[in-house]
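As structure tokens, the structure follows; a few thoughts come after it.
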Amino acid sequence: MSLQENKKRLVELGGNVTEMWLNEQIDWCVSQIEKNMQRFGTQFPSACATNGKYRIKANDDWTNGFWTGMLWLAYEWTKKDKFLALAMENIQSFQKRLDDHFVLDHHDIGFLYSLSAGAGFKITGNDQCKQEVLQAAEVLLARFQEQGEFIQAWGQKGDPKEYRLIIDSLINLPLLFEATEISGDTHYSEMAEKHYQTLMKTVIKADATTFHTYYFDPETGQPSHGATHQGHSDSSIWARGQSWAVLGIPLNESYLHSMPFPENYAQIVDVFLAHLPEDLIPYWDFDFTDQHPSDKDSSSLAIAACGLMEAEKLAAFPEAEMLAKGMVYQLGEHYSAKKLPENEGLLLHGVYAHAEGKGIDEPNLWGDYFYLEALIRLANPQWQRYW
Ligand code: GLY
């Protein structure tokens, strides 16, 4: 399929999205979350499912915020106290994690805290949530490297083998912008902007495809080379990496208001759309095609749908909302776990880390979260995002 054909088909599919269809999907997602709550209690689901079941885990991964984010979405949709009560219990768990500095030596602090304390502050105005956002923002900022001007993705700060940034971090920067908005202290947003500018100059290639991570020389801070972590190869396009850019750029631009809007954004979206196969659900890496297939990563489409809805608000991509609707419709009709009562996910057929054999052809927490976020965005255009 060509880029133009994929766009045309998505826009046509988007025409099927009605208020009734959205309500049905959201109500089912909320009932699934309600069912899962009984099993997880105050613990958390694992990053990805195995045979459609999540393992019960502590608050110890980069993905725990997606669960709490789903609780907040379910609360906003239903106003049922049980969702609020559990989300607020989770907030205590996230506070303890900060106090113990438990598994926080990585860039994913925004995924954890925007969706837990950040959402909690936006929804309830609770002061503990606000303080947690500020404390978490400090943890993220502590990873900022002056040499190279970026937030180090993983590992011990300054480790020369880990002197790199990662495209996924685009979604962690809103935590810093939020910290500036609620405290008036601009050092958070200044560092976020520096990291964003460095990232845009390195992981985004001239042809608008993306590297997953990018290394710098620790001595000089000079950009060195791109490399993958979860993609098929260093030179391939990892589907989720491209979708993190589709979402992350308009999210950051909604704080930065760059003039002009990054000129390569439309091309970045086109790369994503051009690589959609016949059923419009991406393979986990764009090295794979219907002629040379592998596993699908539904989560990357859910992320891209949210990105296009942000792009629509900024008039950053033509027909963005209709394209997003088409994506969500295709996911809801063919990739939802609705027809599989034993499955605990919302969205089937995701991939976590293919080379490591992790979460292949399984639901994962971010796929579930972004699918529900996309549905809520469409059902309620006034919804205030947590990012
Ligand atoms: N941020 C890690 C992933 O997308 O799998």
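By convention in this document, the chains of the structure tokens carry letters A, B, ... by their order, each chain's residues are numbered from 1, and ligands are numbered from 1 in the order they are shown.
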
Residues at most 9 Å from Val271 in chain A, counting only C-alpha atoms, excluding those fewer than 5 positions away in the same chain, as a short mmCIF file (atom, residue, chain, number, x, y, z; two decimals) with N, CA and C atoms, in the first residue's frame?
data_model
loop_
_atom_site.label_atom_id
_atom_site.label_comp_id
_atom_site.auth_asym_id
_atom_site.auth_seq_id
_atom_site.Cartn_x
_atom_site.Cartn_y
_atom_site.Cartn_z
N LEU A 3 1.60 5.40 0.68
CA LEU A 3 1.28 6.36 1.75
C LEU A 3 -0.11 6.96 1.52
N ASP A 207 16.18 11.90 6.69
CA ASP A 207 15.02 11.42 5.92
C ASP A 207 13.80 11.19 6.82
N ALA A 208 13.85 11.73 8.05
CA ALA A 208 12.72 11.68 9.00
C ALA A 208 12.47 10.29 9.57
N THR A 209 13.36 9.36 9.33
CA THR A 209 13.32 8.10 10.08
C THR A 209 14.10 8.33 11.39
N GLN A 242 9.46 5.29 16.20
CA GLN A 242 8.88 6.28 15.30
C GLN A 242 7.59 6.84 15.92
N ALA A 266 5.91 16.54 9.74
CA ALA A 266 4.99 15.91 8.78
C ALA A 266 5.65 14.71 8.11
#

Dump as a tab-separated table the rows for residues of chain A within 7 Å of ligand 1: closest atom pair and distance in Å with one decimal, only C-alpha atoms and all ligand atoms counted, ordered by chain and rising residue number.
residue	atom	partner	partner_atom_place_in_ligand_line	distance
A:Asp168	CA	ligand 1	1 (N)	5.3
A:Arg240	CA	ligand 1	4 (O)	6.2
A:Tyr352	CA	ligand 1	5 (O)	5.4
A:Ala353	CA	ligand 1	5 (O)	6.6

DSSP on the backbone: what in range 159-218 of chain A comes out alpha helix (DSSP H), as a ChimeraX atom specification? /A:174-183,187-202

Within 12 Å of Pro318 in chain A, counting only C-alpha atoms, which residues show up once you throw out same-chain ones fewer than 2 positions away? Write them as number ranges by chain, please. A: 7, 11, 265-267, 269-270, 308-309, 311-316, 320-324

Between CA of His349 in chain A and CA of Gln43 in chain A, measure the distance and give it in Å to one decimal.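 Result for CA of His349 in chain A versus CA of Gln43 in chain A: 24.3 Å, one decimal.
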
As a list in words, please: the residues near Ala49 in chain A (cut-off 8 Å, only C-alpha atoms, same-chain neighbours under 6 positions excluded). Arg55, Glu344, Gly345, Gly359, Glu362, Pro363 and Asn364 of chain A

What's the 12 Å shell around Asn252 in chain A, counting only C-alpha atoms, without same-chain residues fewer than 4 positions away, as a PyMOL selection string? chain A and resi 169-178+189+192-197+199-200+244-248+256-258+261-262+307+310-311+314+387

Quick one: residues within 9 Å of Glu278 in chain A, only C-alpha atoms, excluding same-chain residues fewer than 4 positions away - as a compact mmCIF listing (two decimals) with N, CA and C atoms, in the first residue's frame?
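The file below, selection.txt, is the result:
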# COMPACT_ATOMS: atom_id res chain seq x y z
N MET A 1 0.85 -1.21 0.00
CA MET A 1 0.00 0.00 0.00
C MET A 1 0.88 1.25 0.00
N ASN A 6 -2.83 4.45 2.27
CA ASN A 6 -3.00 4.22 3.71
C ASN A 6 -3.75 5.37 4.36
N ASP A 290 4.33 -7.19 4.78
CA ASP A 290 3.43 -8.33 4.54
C ASP A 290 4.13 -9.42 3.72

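Closest approach to Phe272 in chain A among A:Glu19, A:Glu190, A:Ser2, A:Thr42: A:Ser2, based on only C-alpha atoms.
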
Distance in Å - CA of Ala117 in chain A versus CA of Cys129 in chain A: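 About the pair CA of Ala117 in chain A and CA of Cys129 in chain A: they are 4.5 Å apart.
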
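For the residues A:Leu84, A:Leu10, A:Met70, A:Ile56, ranking by smallest atom-to-atom distance to Ala305 in chain A using only C-alpha atoms places A:Leu10 first.
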
Between CA of Trp238 in chain A and CA of Thr198 in chain A lies a distance of 20.0 Å

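Contact shell of Phe286 in chain A at 8 Å (only C-alpha atoms; same-chain neighbours under 6 positions omitted): A:Ser236, A:Ile237, A:Trp238, A:Ala239, A:His275.
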
Which of these residues is nearest to Ala206 in chain A, using only C-alpha atoms: A:Glu253, A:Glu181, A:Glu89, A:Glu263?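 Smallest distance to Ala206 in chain A is found for A:Glu263.
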
Shortest interatomic distance to Asp287 in chain A - which of A:Gly15, A:Gly125, A:Gly120, A:Gly231, counting only C-alpha atoms: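 Using only C-alpha atoms, Asp287 in chain A sits closest to A:Gly231.
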